[in-house]
Structure formats: structure tokens, C-alpha cells
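Notes to accompany the following structure.
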Amino acid sequence: MEEGFFGKTAARDAHGPVQMRKVIEPVSNVIGAIRLPGDKSISHRYAMLAALADGTSRLHNYSTGADCASTLACLRSLGATIEHDKTQHIVTIGGRAGHFAPPTEHLDCGNSGSTMRMLAGVLAAQPFECVLTGDASLTRRPMGRVVRPLRQMGARIETSDGERAPLRLHGGRLTGMEYRPEVASAQVKSAVLFAGLQAEGETIVEEPVRTRDHSELALRAFGARVERSRNRVSIQGGQKLHAVEALMPGDASSASFFFCAAAIFPESNLVVEGVLMNPTRASLLDVLSALGAKAKVLQLEEQNGELIGTVKVESGDLRGALVEGAQSAALIDELPVLAAIAPYTRDGIEVRDARELRVKESDRIALVAKNLRAMGAEVEEREDGFTVPGGQRLHGGEIDTAGDHRIAMAFTVAALRASGATTIDGAEAASVSFPEFYELLDLVVER
Ligand code: S3P
């Protein structure tokens with residue numbers, strides 16, 4: 001047993017993978033300034049496009065999460081030369097100028113849905129066979145959404161049961177097409193665009209609602225022409241990519257845990273520097289402002305089409321919010337932490353149209369409800385969301401993360417204002433996207 005940043009950290013489970021229990025004691029305030037490791041969504045895309053490009057790319061502030069390391073490992077198995085300076089967080093990638101080498105082993109995507117889905121798009125056009133696999137959570141998640149369009153473009157893909165990984169992919173010549181995904185998914189859009197980049201003719205994706213647009217912006221940064229009008233994106237096949245030198249903005253979804261932590265303390269004052277402010281990723285700040293927190297953008301600049309800013313959040317009297325429709329899709333990764341702070345608002349938070357939460361790294365609707373109840377809160381669970389009434393006091397409880405990084409971090413935030421200690425079972429899951437989470441939190445909490 002060792003003394004961790006937040007109380008005791010104990011390793012359990014001598015026979016299975018090591019599981020950490022973190023004990024979170026309540027704190028009295030959140031105050032300070034931090035800077036975050038690079039955005040996970042952008043890091044995946046830049047790594048994949050750099051590996052496809054001609055020349056050597058350098059990616060600064062590359063995500064430190066295990067998911068983005070899975071992407072690098074897969075790209076290495078595909079013949080890209082990759083140097084990862086883990087002290088300076090710089091990744092140098094020697095591109096394959098459009099032609100990967102057939103891998104000699106299965107491509108292990110770990111816990112990362114982004115790696116599996118977007119890499120499937122990249123590899124659909126490569127003339128060899130390979131197998132994409134992942135951990136227990138990833139092999140339970142739906143892959144039909146990405147397999148179907150890639151098959152329509154000409155790839156041959158076998159799944160384990162029509163829907164799930166491992167995916168055995170036989171890539172080859174692809175033909176561009178017009179595709180309307182049935183679910184709002186940036187990963188599906190990106191997979192089709194990455195396949196479309198290497199296909200014959202034009203590929204168009206028309207989304208039901210607009211999702212994060214990092215792939216479109218990244219493709220342009222690497223020199224490809226991508227057209228967009230409203231929810232319709234198109235790319236002409238056969239374009240070549242050139243190498244880039246680029247800085248990954250601070251992770252917008254990691255920032256959301258800190259913004260929400262600041263929002264629930266009356267005297268808080270938190271500054272996050274260099275954070276991604278792309279409008280398709282920053283709507284948590286709109287919700288926090290609508291709730292009554294004070295969120296201020298202190299500085300804003302553009303790099304490679306992405307907005308990066310410095311943001312200050314102070315609390316206010318938090319009222320209530322309804323999140324639904326396109327906003328639920330835009331906030332999909334932030335909904336667990338919004339749910340976790342909902343009891344501390346006056347009128348509560350209701351979330352609708354978020355069925356996708358059920359097929360993330362865990363069933364996030366069920367786990368949000370289970371863990372809020374473990375802390376003494378009332379919550380109504382629905383198929384596509386939940387209602388968490390406001391004005392509730394939370395007590396410490398035993399949190400079940402089910403190995404899901406965002407559940408571990410969301411309930412750590414809830415625990416900061418609960419009465420008594422909370423144990424987070426499986427706290428190590430945070431490192432899937434944000435290994436420094438507990439360390440940085442320790443810098444900004446006042447006991
Ligand atoms: C991501 C898109 C979202 C999100 C995931 C990252 C991306 O998934 O939940 O964490 O980088 O494109 P979907 O595209 O499946 O909604």
C-alpha cells in the first residue's frame with residue numbers, strides 16, 4: 001500500500017491485471033493554473049496521417065494516454081518508423097508515402113475505439129490482409145457501423161459475429177461513394193474519409209448531425225483538399241499527403257473534468273492554458289455558462305485550423321440544464337462528468353438523445369446511475385439518457401469504474417465535494433486517456 005496523491009492507493013487482484021483503488025477525500029476549493037497533454041482525438045488522426053504521408057512529421061505535445069500509444073504501436077507494425085520522446089512528448093513519424101507494409105502480427109488497438117475504427121478506414125485501401133483486435137471492452141463494441149461503408153467501397157472485412165472485433169480486413173482498390181451514417185459518429189466519418197482519400201473518385205459523407213471535425217482539419221493540414229458545406233464533407237481520392245510539424249492542443253475532454261471541478265466550488269478560480277477550443281468540442285463551456293458558472297476565454301489563436309485558447313472558470317450559482325439533440329452528440333465524452341456534478345446544481349441536469357453512451361468503453365448510462373446511487377443520489381435512468389435532480393448531497397461511496405477512464409475521472413470529481421471518503425475501484429483506467437489526471441488535480445485542489 002502506498003500513499004497516493006489522493007490518499008491510499010492499493011494494488012489488488014494478485015492474479016488478474018493490477019487494479020488500483022484510490023481513496024478520494026473531499027477538498028475545500030479548486031484554484032490554480034494548468035496545461036494539459038495533447039488532445040487524444042487530434043493525436044490519433046495526426047499520427048495516422050503522418051504515417052500515410054510522404055516525409056518525416058514531428059508532433060509536439062502528443063497525447064500521453066494509452067489509447068494514442070496503441071495507435072503508434074499499430075502504425076509501427078505497419079512499417080512506419082516512429083520515435084517517441086516521452087520526456088518532451090514529441091513523436092517523430094517517418095511516413096510510408098501511402099504504402100504500408102503488411103503486418104506480421106495482429107494489430108492490437110487496446111481499449112481504443114478510435115484506433116480500431118479510423119485505422120480500419122486507413123487500411124481498407126492497402127493491398128494486404130490484417131487483423132484488428134483489442135481488449136475485452138473494445139471487442140464488445142459495435143464495429144458494423146464502420147465495416148458496412150468500407151465494404152461498400154470495396155474492402156473485404158470479416159467480423160466475429162457480423163458486428164464485433166476482431167476484424168479481418170482484406171484491403172484493396174476502393175471506389176468513392178456517398179455515405180449517410182445512421183449514427184452521429186466522428187470515428188465513422190473519419191474512417192470513410194481516410195478510405196476515400198485513397199479511393200478512386202469522390203467520397204462524400206453526410207452526417208445526421210455535425211460531429212467533431214478534426215479529420216477534415218487534419219487532412220487539410222497535411223495538404224489534402226477537403227470540401228465542407230454544413231453536415232456534408234467531400235474528398236477526392238488519390239491525393240498525396242505531405243509531412244507536417246504540428247502542436248497538439250491540450251485535450252478538451254480532459255479539461256472538462258477540471259472545468260466541472262471548478263464549477264462546483266463557490267470560491268474557485270481555475271485557468272487552463274493552451275486548451276483545444278474547436279467549437280465541435282467546446283460546448284461543455286456553453287453548458288457550464290448556461291448553468292451559471294463563469295467561463296471566460298482569456299486568449300485564442302488558430303493553428304492548423306484548430307482553435308487553441310486559455311480559459312478561466314469560476315463558479316457561480318449553478319441552476320439546471322437540459323442537454324439533448326445535436327448537443328448530446330457534441331458532448332458525448334463530457335456527459336459522465338456533467339452527470340457527476342448534477343447533484344450539486346440547484347435544478348439538476350437532464351440528458352436525452354445520448355443512447356451512444358451505452359456503447360462506449362462501458363455502458364456509461366448504467367454506470368453513471370449506479371455510481372451516483374452509491375454516493376446517495378437519486379437518478380432516473382432512461383434508454384437514451386438520465387435525469388439527475390439538483391439540490392442533493394452526496395456521501396462518499398464505492399465507485400465501480402468497470403475499467404472506464406471517463407467514469408473513474410467523473411466520479412473523482414463528484415467525490416471532491418461529497419461528505420466522507422470515496423473509493424475509486426480501478427482508478428488506473430484514467431491512464432487510457434489521461435495518465436496525469438490525479439497528479440494535476442492534486443496541484444489545483446485546496447484541502
Ligand atoms: C472520437 C469520437 C467519439 C468519442 C471518442 C473519440 C473521435 O466517438 O466518443 O472518444 O476522436 O472521433 P464516436 O465517433 O463513436 O461518437
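Naming works like this for the C-alpha cells: A, B, ... for the chains as they're shown, residue 1 at the start of each chain, ligands 1 onward in shown order.
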
Environment of ligand 1 within 10 Å, counting only C-alpha atoms and all ligand atoms, reported as a ChimeraX atom specification: /A:39-45,112-115,117-118,141-143,145-146,183-191,211-215,253,329-334,356-357,359-361,406,433

Please identify every residue of range 228-301 of chain A that has at least one atom no farther than 12 Å from an atom of range 442-445 of chain A, counting only C-alpha atoms, and for each give the shortest atom pair and the distance in Å to one decimal, arranged by chain then increasing number, as CSV.
```
residue,atom,partner,partner_atom,distance
A:Phe258,CA,A:Val444,CA,8.9
A:Phe259,CA,A:Val444,CA,11.4
A:Ala261,CA,A:Val445,CA,9.2
A:Ala262,CA,A:Val445,CA,9.3
A:Phe265,CA,A:Val445,CA,10.3
A:Glu267,CA,A:Val445,CA,11.6
A:Ser268,CA,A:Val445,CA,9.4
A:Asn269,CA,A:Val444,CA,9.4
A:Leu270,CA,A:Val444,CA,7.8
A:Val271,CA,A:Val444,CA,9.8
A:Val272,CA,A:Val444,CA,10.9
```

Dump of N, CA, C and O atoms for the selected residues, as a PDB file, in the first residue's frame:
```pdb
ATOM      1  N   PHE A 258     -11.628  19.185 -15.100  1.00  0.00           N
ATOM      2  CA  PHE A 258     -11.163  20.315 -14.294  1.00  0.00           C
ATOM      3  C   PHE A 258     -12.174  21.457 -14.300  1.00  0.00           C
ATOM      4  O   PHE A 258     -12.407  22.094 -13.282  1.00  0.00           O
ATOM      5  N   PHE A 259     -12.779  21.726 -15.464  1.00  0.00           N
ATOM      6  CA  PHE A 259     -13.784  22.791 -15.529  1.00  0.00           C
ATOM      7  C   PHE A 259     -14.960  22.450 -14.604  1.00  0.00           C
ATOM      8  O   PHE A 259     -15.473  23.314 -13.892  1.00  0.00           O
ATOM      9  N   ALA A 261     -14.898  20.444 -11.984  1.00  0.00           N
ATOM     10  CA  ALA A 261     -14.450  20.506 -10.590  1.00  0.00           C
ATOM     11  C   ALA A 261     -14.483  21.955 -10.108  1.00  0.00           C
ATOM     12  O   ALA A 261     -14.920  22.250  -8.991  1.00  0.00           O
ATOM     13  N   ALA A 262     -14.037  22.878 -10.966  1.00  0.00           N
ATOM     14  CA  ALA A 262     -14.041  24.295 -10.578  1.00  0.00           C
ATOM     15  C   ALA A 262     -15.474  24.790 -10.427  1.00  0.00           C
ATOM     16  O   ALA A 262     -15.775  25.589  -9.527  1.00  0.00           O
ATOM     17  N   PHE A 265     -17.276  24.547  -6.802  1.00  0.00           N
ATOM     18  CA  PHE A 265     -16.789  25.178  -5.564  1.00  0.00           C
ATOM     19  C   PHE A 265     -17.011  26.689  -5.629  1.00  0.00           C
ATOM     20  O   PHE A 265     -16.535  27.340  -6.570  1.00  0.00           O
ATOM     21  N   GLU A 267     -15.764  29.315  -4.347  1.00  0.00           N
ATOM     22  CA  GLU A 267     -14.640  30.278  -4.392  1.00  0.00           C
ATOM     23  C   GLU A 267     -13.599  29.898  -5.450  1.00  0.00           C
ATOM     24  O   GLU A 267     -12.476  30.385  -5.416  1.00  0.00           O
ATOM     25  N   SER A 268     -13.971  29.051  -6.393  1.00  0.00           N
ATOM     26  CA  SER A 268     -12.956  28.503  -7.291  1.00  0.00           C
ATOM     27  C   SER A 268     -12.437  29.526  -8.297  1.00  0.00           C
ATOM     28  O   SER A 268     -13.100  30.531  -8.592  1.00  0.00           O
ATOM     29  N   ASN A 269     -11.263  29.210  -8.848  1.00  0.00           N
ATOM     30  CA  ASN A 269     -10.669  30.036  -9.898  1.00  0.00           C
ATOM     31  C   ASN A 269      -9.627  29.172 -10.597  1.00  0.00           C
ATOM     32  O   ASN A 269      -8.560  28.926 -10.064  1.00  0.00           O
ATOM     33  N   LEU A 270     -10.002  28.673 -11.777  1.00  0.00           N
ATOM     34  CA  LEU A 270      -9.130  27.720 -12.462  1.00  0.00           C
ATOM     35  C   LEU A 270      -8.815  28.225 -13.862  1.00  0.00           C
ATOM     36  O   LEU A 270      -9.717  28.595 -14.608  1.00  0.00           O
ATOM     37  N   VAL A 271      -7.538  28.196 -14.219  1.00  0.00           N
ATOM     38  CA  VAL A 271      -7.142  28.589 -15.572  1.00  0.00           C
ATOM     39  C   VAL A 271      -6.542  27.369 -16.273  1.00  0.00           C
ATOM     40  O   VAL A 271      -5.698  26.676 -15.705  1.00  0.00           O
ATOM     41  N   VAL A 272      -7.024  27.086 -17.478  1.00  0.00           N
ATOM     42  CA  VAL A 272      -6.415  26.025 -18.290  1.00  0.00           C
ATOM     43  C   VAL A 272      -5.830  26.684 -19.539  1.00  0.00           C
ATOM     44  O   VAL A 272      -6.548  27.343 -20.292  1.00  0.00           O
TER      45      VAL A 272
END
```

Mind dumping a table of every range 120-212 of chain A residue within 8 Å of range 83-104 of chain A, with the nearest atom pair and its distance in Å to one decimal, using only C-alpha atoms, sorted by chain and rising number, as a tab-separated table?
```
residue	atom	partner	partner_atom	distance
A:Gln126	CA	A:Phe100	CA	7.0
A:Phe128	CA	A:Pro102	CA	6.0
A:Glu129	CA	A:Pro102	CA	7.1
A:Cys130	CA	A:Pro103	CA	6.7
```

Applying 9 Å and only C-alpha atoms, which residues near Ala124 in chain A remain after dropping the ones on its own chain fewer than 3 positions away? List them as number ranges by chain. A: 119-121, 127, 150-151, 153-157, 169-174, 194-195, 198

Would you please work out which residue, of A:Pro343, A:Gly274, A:Gly65, A:Gly325, is nearest to Lys312 in chain A when using only C-alpha atoms? A:Gly274

Tell me, which residues of range 103-266 of chain A carry DSSP strand (DSSP E), written as JSON, numbers by chain? {"A": [107, 108, 129, 130, 131, 132, 133, 156, 157, 158, 167, 168, 169, 170, 178, 179, 202, 203, 204, 205, 206, 226, 227, 228, 229, 232, 233, 234, 235, 236, 245, 246, 247]}

For those residues, write N, CA, C and O atoms to a file as a tab-separated table (two decimals), in the first residue's frame.
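Okay, this is what ended up in part.tsv:
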```
chain	number	residue	atom	x	y	z
A	107	LEU	N	-2.97	-6.46	-35.16
A	107	LEU	CA	-2.83	-5.06	-34.73
A	107	LEU	C	-3.69	-4.88	-33.48
A	107	LEU	O	-4.92	-4.98	-33.54
A	108	ASP	N	-3.03	-4.65	-32.34
A	108	ASP	CA	-3.73	-4.58	-31.07
A	108	ASP	C	-4.12	-3.13	-30.76
A	108	ASP	O	-3.25	-2.31	-30.46
A	129	GLU	N	-3.73	-8.37	-46.13
A	129	GLU	CA	-4.68	-8.81	-45.11
A	129	GLU	C	-4.12	-8.48	-43.73
A	129	GLU	O	-2.91	-8.63	-43.50
A	130	CYS	N	-4.98	-8.02	-42.84
A	130	CYS	CA	-4.52	-7.82	-41.46
A	130	CYS	C	-5.68	-7.98	-40.51
A	130	CYS	O	-6.85	-7.98	-40.93
A	131	VAL	N	-5.36	-8.12	-39.22
A	131	VAL	CA	-6.41	-8.34	-38.22
A	131	VAL	C	-6.32	-7.24	-37.17
A	131	VAL	O	-5.25	-6.98	-36.61
A	132	LEU	N	-7.44	-6.56	-36.94
A	132	LEU	CA	-7.51	-5.53	-35.90
A	132	LEU	C	-8.23	-6.12	-34.70
A	132	LEU	O	-9.36	-6.61	-34.82
A	133	THR	N	-7.55	-6.07	-33.55
A	133	THR	CA	-8.19	-6.62	-32.36
A	133	THR	C	-8.00	-5.66	-31.18
A	133	THR	O	-7.40	-4.60	-31.34
A	156	ARG	N	-12.87	-6.07	-48.21
A	156	ARG	CA	-13.47	-7.29	-47.70
A	156	ARG	C	-13.13	-7.36	-46.21
A	156	ARG	O	-11.95	-7.28	-45.84
A	157	ILE	N	-14.16	-7.46	-45.38
A	157	ILE	CA	-13.91	-7.45	-43.93
A	157	ILE	C	-14.73	-8.54	-43.28
A	157	ILE	O	-15.94	-8.63	-43.51
A	158	GLU	N	-14.07	-9.38	-42.47
A	158	GLU	CA	-14.80	-10.38	-41.69
A	158	GLU	C	-14.81	-9.93	-40.23
A	158	GLU	O	-13.80	-9.46	-39.72
A	167	LEU	N	-11.50	-7.79	-36.34
A	167	LEU	CA	-11.84	-7.55	-37.75
A	167	LEU	C	-10.71	-8.07	-38.62
A	167	LEU	O	-9.55	-7.69	-38.43
A	168	ARG	N	-11.06	-8.97	-39.54
A	168	ARG	CA	-10.05	-9.43	-40.51
A	168	ARG	C	-10.29	-8.66	-41.79
A	168	ARG	O	-11.36	-8.77	-42.40
A	169	LEU	N	-9.33	-7.85	-42.15
A	169	LEU	CA	-9.50	-6.89	-43.23
A	169	LEU	C	-8.65	-7.27	-44.44
A	169	LEU	O	-7.45	-7.47	-44.30
A	170	HIS	N	-9.29	-7.40	-45.60
A	170	HIS	CA	-8.53	-7.64	-46.83
A	170	HIS	C	-8.69	-6.36	-47.65
A	170	HIS	O	-9.73	-6.14	-48.27
A	178	GLU	N	-21.06	8.04	-51.85
A	178	GLU	CA	-21.73	9.00	-50.97
A	178	GLU	C	-22.32	8.20	-49.82
A	178	GLU	O	-23.02	7.21	-50.05
A	179	TYR	N	-22.02	8.58	-48.61
A	179	TYR	CA	-22.45	7.78	-47.45
A	179	TYR	C	-23.16	8.64	-46.42
A	179	TYR	O	-22.70	9.72	-46.07
A	202	GLU	N	-14.70	10.45	-56.00
A	202	GLU	CA	-15.01	11.31	-54.85
A	202	GLU	C	-15.76	10.53	-53.77
A	202	GLU	O	-16.58	9.67	-54.08
A	203	THR	N	-15.48	10.86	-52.51
A	203	THR	CA	-16.23	10.27	-51.39
A	203	THR	C	-16.89	11.40	-50.62
A	203	THR	O	-16.26	12.43	-50.33
A	204	ILE	N	-18.18	11.18	-50.33
A	204	ILE	CA	-18.94	12.21	-49.61
A	204	ILE	C	-19.53	11.57	-48.36
A	204	ILE	O	-20.06	10.46	-48.42
A	205	VAL	N	-19.43	12.26	-47.23
A	205	VAL	CA	-20.11	11.79	-46.02
A	205	VAL	C	-21.09	12.87	-45.61
A	205	VAL	O	-20.71	14.04	-45.45
A	206	GLU	N	-22.35	12.48	-45.47
A	206	GLU	CA	-23.35	13.43	-44.98
A	206	GLU	C	-23.83	12.94	-43.62
A	206	GLU	O	-24.46	11.90	-43.50
A	226	VAL	N	-10.26	19.20	-48.90
A	226	VAL	CA	-11.49	18.63	-48.34
A	226	VAL	C	-12.53	19.73	-48.41
A	226	VAL	O	-12.27	20.85	-47.96
A	227	GLU	N	-13.69	19.43	-49.00
A	227	GLU	CA	-14.74	20.46	-49.08
A	227	GLU	C	-15.78	20.18	-48.00
A	227	GLU	O	-16.06	19.02	-47.70
A	228	ARG	N	-16.36	21.25	-47.48
A	228	ARG	CA	-17.41	21.04	-46.48
A	228	ARG	C	-18.51	22.06	-46.67
A	228	ARG	O	-18.26	23.23	-46.89
A	229	SER	N	-19.75	21.57	-46.61
A	229	SER	CA	-20.85	22.53	-46.51
A	229	SER	C	-21.88	21.92	-45.56
A	229	SER	O	-22.33	20.80	-45.75
A	232	ARG	N	-22.09	18.10	-44.72
A	232	ARG	CA	-21.63	17.33	-45.85
A	232	ARG	C	-20.14	17.58	-46.10
A	232	ARG	O	-19.72	18.72	-46.26
A	233	VAL	N	-19.37	16.51	-46.10
A	233	VAL	CA	-17.93	16.64	-46.31
A	233	VAL	C	-17.54	15.81	-47.52
A	233	VAL	O	-18.02	14.68	-47.67
A	234	SER	N	-16.68	16.33	-48.39
A	234	SER	CA	-16.26	15.51	-49.52
A	234	SER	C	-14.76	15.58	-49.73
A	234	SER	O	-14.10	16.58	-49.41
A	235	ILE	N	-14.25	14.46	-50.25
A	235	ILE	CA	-12.80	14.38	-50.51
A	235	ILE	C	-12.59	13.64	-51.83
A	235	ILE	O	-13.29	12.66	-52.13
A	236	GLN	N	-11.64	14.12	-52.60
A	236	GLN	CA	-11.30	13.48	-53.88
A	236	GLN	C	-10.21	12.45	-53.61
A	236	GLN	O	-9.25	12.74	-52.88
A	245	GLU	N	4.90	19.61	-39.23
A	245	GLU	CA	5.38	19.81	-37.86
A	245	GLU	C	4.20	20.47	-37.17
A	245	GLU	O	3.72	21.51	-37.62
A	246	ALA	N	3.68	19.87	-36.11
A	246	ALA	CA	2.45	20.41	-35.53
A	246	ALA	C	2.41	20.23	-34.02
A	246	ALA	O	3.02	19.30	-33.47
A	247	LEU	N	1.67	21.12	-33.38
A	247	LEU	CA	1.48	21.08	-31.92
A	247	LEU	C	0.08	20.58	-31.62
A	247	LEU	O	-0.90	21.12	-32.16
```

If DSSP is run on the backbone, what residues of range 178-278 of chain A are helix (DSSP H, G or I)? A reply as a PDB file with N, CA and C atoms, in the first residue's frame would be ideal.
```pdb
ATOM      1  N   ALA A 186     -18.029  10.623 -35.300  1.00  0.00           N
ATOM      2  CA  ALA A 186     -16.850  11.210 -35.956  1.00  0.00           C
ATOM      3  C   ALA A 186     -15.884  10.118 -36.382  1.00  0.00           C
ATOM      4  N   GLN A 187     -15.905   9.003 -35.648  1.00  0.00           N
ATOM      5  CA  GLN A 187     -14.982   7.916 -35.999  1.00  0.00           C
ATOM      6  C   GLN A 187     -15.378   7.283 -37.330  1.00  0.00           C
ATOM      7  N   VAL A 188     -16.691   7.109 -37.533  1.00  0.00           N
ATOM      8  CA  VAL A 188     -17.164   6.533 -38.795  1.00  0.00           C
ATOM      9  C   VAL A 188     -16.875   7.506 -39.942  1.00  0.00           C
ATOM     10  N   LYS A 189     -17.224   8.777 -39.727  1.00  0.00           N
ATOM     11  CA  LYS A 189     -16.946   9.787 -40.770  1.00  0.00           C
ATOM     12  C   LYS A 189     -15.460   9.759 -41.138  1.00  0.00           C
ATOM     13  N   SER A 190     -14.601   9.701 -40.125  1.00  0.00           N
ATOM     14  CA  SER A 190     -13.164   9.756 -40.367  1.00  0.00           C
ATOM     15  C   SER A 190     -12.691   8.525 -41.123  1.00  0.00           C
ATOM     16  N   ALA A 191     -13.198   7.350 -40.733  1.00  0.00           N
ATOM     17  CA  ALA A 191     -12.800   6.111 -41.408  1.00  0.00           C
ATOM     18  C   ALA A 191     -13.153   6.201 -42.894  1.00  0.00           C
ATOM     19  N   VAL A 192     -14.353   6.685 -43.193  1.00  0.00           N
ATOM     20  CA  VAL A 192     -14.785   6.763 -44.598  1.00  0.00           C
ATOM     21  C   VAL A 192     -13.945   7.807 -45.342  1.00  0.00           C
ATOM     22  N   LEU A 193     -13.629   8.914 -44.695  1.00  0.00           N
ATOM     23  CA  LEU A 193     -12.809   9.936 -45.359  1.00  0.00           C
ATOM     24  C   LEU A 193     -11.382   9.426 -45.602  1.00  0.00           C
ATOM     25  N   PHE A 194     -10.826   8.683 -44.623  1.00  0.00           N
ATOM     26  CA  PHE A 194      -9.451   8.173 -44.785  1.00  0.00           C
ATOM     27  C   PHE A 194      -9.415   7.111 -45.889  1.00  0.00           C
ATOM     28  N   ALA A 195     -10.495   6.323 -45.990  1.00  0.00           N
ATOM     29  CA  ALA A 195     -10.585   5.371 -47.099  1.00  0.00           C
ATOM     30  C   ALA A 195     -10.774   6.151 -48.399  1.00  0.00           C
ATOM     31  N   GLY A 196     -11.622   7.177 -48.351  1.00  0.00           N
ATOM     32  CA  GLY A 196     -11.916   7.988 -49.535  1.00  0.00           C
ATOM     33  C   GLY A 196     -10.684   8.679 -50.095  1.00  0.00           C
ATOM     34  N   LEU A 197      -9.783   9.075 -49.213  1.00  0.00           N
ATOM     35  CA  LEU A 197      -8.529   9.715 -49.636  1.00  0.00           C
ATOM     36  C   LEU A 197      -7.748   8.802 -50.572  1.00  0.00           C
ATOM     37  N   HIS A 214     -12.073  17.157 -36.591  1.00  0.00           N
ATOM     38  CA  HIS A 214     -10.596  17.132 -36.596  1.00  0.00           C
ATOM     39  C   HIS A 214     -10.016  16.451 -37.838  1.00  0.00           C
ATOM     40  N   SER A 215     -10.732  15.446 -38.361  1.00  0.00           N
ATOM     41  CA  SER A 215     -10.172  14.749 -39.535  1.00  0.00           C
ATOM     42  C   SER A 215     -10.128  15.673 -40.737  1.00  0.00           C
ATOM     43  N   GLU A 216     -11.208  16.436 -40.928  1.00  0.00           N
ATOM     44  CA  GLU A 216     -11.250  17.361 -42.055  1.00  0.00           C
ATOM     45  C   GLU A 216     -10.106  18.378 -41.930  1.00  0.00           C
ATOM     46  N   LEU A 217      -9.934  18.918 -40.705  1.00  0.00           N
ATOM     47  CA  LEU A 217      -8.899  19.934 -40.499  1.00  0.00           C
ATOM     48  C   LEU A 217      -7.507  19.322 -40.623  1.00  0.00           C
ATOM     49  N   ALA A 218      -7.339  18.106 -40.108  1.00  0.00           N
ATOM     50  CA  ALA A 218      -6.022  17.458 -40.173  1.00  0.00           C
ATOM     51  C   ALA A 218      -5.670  17.126 -41.625  1.00  0.00           C
ATOM     52  N   LEU A 219      -6.637  16.608 -42.378  1.00  0.00           N
ATOM     53  CA  LEU A 219      -6.368  16.288 -43.790  1.00  0.00           C
ATOM     54  C   LEU A 219      -5.876  17.530 -44.518  1.00  0.00           C
ATOM     55  N   ARG A 220      -6.523  18.658 -44.240  1.00  0.00           N
ATOM     56  CA  ARG A 220      -6.086  19.912 -44.883  1.00  0.00           C
ATOM     57  C   ARG A 220      -4.679  20.285 -44.440  1.00  0.00           C
ATOM     58  N   ALA A 221      -4.384  20.107 -43.148  1.00  0.00           N
ATOM     59  CA  ALA A 221      -3.046  20.454 -42.652  1.00  0.00           C
ATOM     60  C   ALA A 221      -1.978  19.622 -43.348  1.00  0.00           C
ATOM     61  N   ALA A 252      -9.345  18.657 -24.883  1.00  0.00           N
ATOM     62  CA  ALA A 252     -10.589  19.333 -24.480  1.00  0.00           C
ATOM     63  C   ALA A 252     -11.404  18.469 -23.511  1.00  0.00           C
ATOM     64  N   SER A 253     -11.395  17.156 -23.712  1.00  0.00           N
ATOM     65  CA  SER A 253     -12.213  16.297 -22.848  1.00  0.00           C
ATOM     66  C   SER A 253     -11.559  16.112 -21.482  1.00  0.00           C
ATOM     67  N   SER A 254     -10.224  16.070 -21.454  1.00  0.00           N
ATOM     68  CA  SER A 254      -9.528  16.030 -20.159  1.00  0.00           C
ATOM     69  C   SER A 254      -9.790  17.320 -19.390  1.00  0.00           C
ATOM     70  N   ALA A 255      -9.808  18.450 -20.108  1.00  0.00           N
ATOM     71  CA  ALA A 255     -10.059  19.747 -19.461  1.00  0.00           C
ATOM     72  C   ALA A 255     -11.423  19.763 -18.791  1.00  0.00           C
ATOM     73  N   SER A 256     -12.378  19.030 -19.346  1.00  0.00           N
ATOM     74  CA  SER A 256     -13.754  19.104 -18.831  1.00  0.00           C
ATOM     75  C   SER A 256     -13.838  18.637 -17.373  1.00  0.00           C
ATOM     76  N   PHE A 257     -12.973  17.698 -16.963  1.00  0.00           N
ATOM     77  CA  PHE A 257     -13.006  17.263 -15.557  1.00  0.00           C
ATOM     78  C   PHE A 257     -12.598  18.412 -14.642  1.00  0.00           C
ATOM     79  N   PHE A 258     -11.628  19.185 -15.100  1.00  0.00           N
ATOM     80  CA  PHE A 258     -11.163  20.315 -14.294  1.00  0.00           C
ATOM     81  C   PHE A 258     -12.174  21.457 -14.300  1.00  0.00           C
ATOM     82  N   PHE A 259     -12.779  21.726 -15.464  1.00  0.00           N
ATOM     83  CA  PHE A 259     -13.784  22.791 -15.529  1.00  0.00           C
ATOM     84  C   PHE A 259     -14.960  22.450 -14.604  1.00  0.00           C
ATOM     85  N   CYS A 260     -15.378  21.195 -14.618  1.00  0.00           N
ATOM     86  CA  CYS A 260     -16.515  20.803 -13.780  1.00  0.00           C
ATOM     87  C   CYS A 260     -16.137  20.838 -12.300  1.00  0.00           C
ATOM     88  N   ALA A 261     -14.898  20.444 -11.984  1.00  0.00           N
ATOM     89  CA  ALA A 261     -14.450  20.506 -10.590  1.00  0.00           C
ATOM     90  C   ALA A 261     -14.483  21.955 -10.108  1.00  0.00           C
ATOM     91  N   ALA A 262     -14.037  22.878 -10.966  1.00  0.00           N
ATOM     92  CA  ALA A 262     -14.041  24.295 -10.578  1.00  0.00           C
ATOM     93  C   ALA A 262     -15.474  24.790 -10.427  1.00  0.00           C
ATOM     94  N   ALA A 263     -16.362  24.318 -11.279  1.00  0.00           N
ATOM     95  CA  ALA A 263     -17.735  24.842 -11.279  1.00  0.00           C
ATOM     96  C   ALA A 263     -18.474  24.561  -9.962  1.00  0.00           C
TER      97      ALA A 263
END
```

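Proximity to Ser289 in chain A was assessed for A:Pro208, A:Gly348, A:Gly320, A:Gly385 counting only C-alpha atoms; the smallest distance is recorded for A:Gly320.
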
Neighbouring residues of Asp317 in chain A were defined as those with any atom within 12 Å, considering only C-alpha atoms; residues of the same chain fewer than 6 positions away were excluded. Please report them as a PyMOL selection string. chain A and resi 263-267+288-294+344-347+390-391

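Between CA of Thr175 in chain A and CA of Thr71 in chain A there is a distance of 25.7 Å.
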
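Closest to Asp251 in chain A among A:Leu276, A:Ala136, A:Leu49, A:Ile424 is A:Leu276, based on only C-alpha atoms.
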
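Interatomic distance, CA of Thr280 in chain A to CA of Ala326 in chain A: 10.3 Å.
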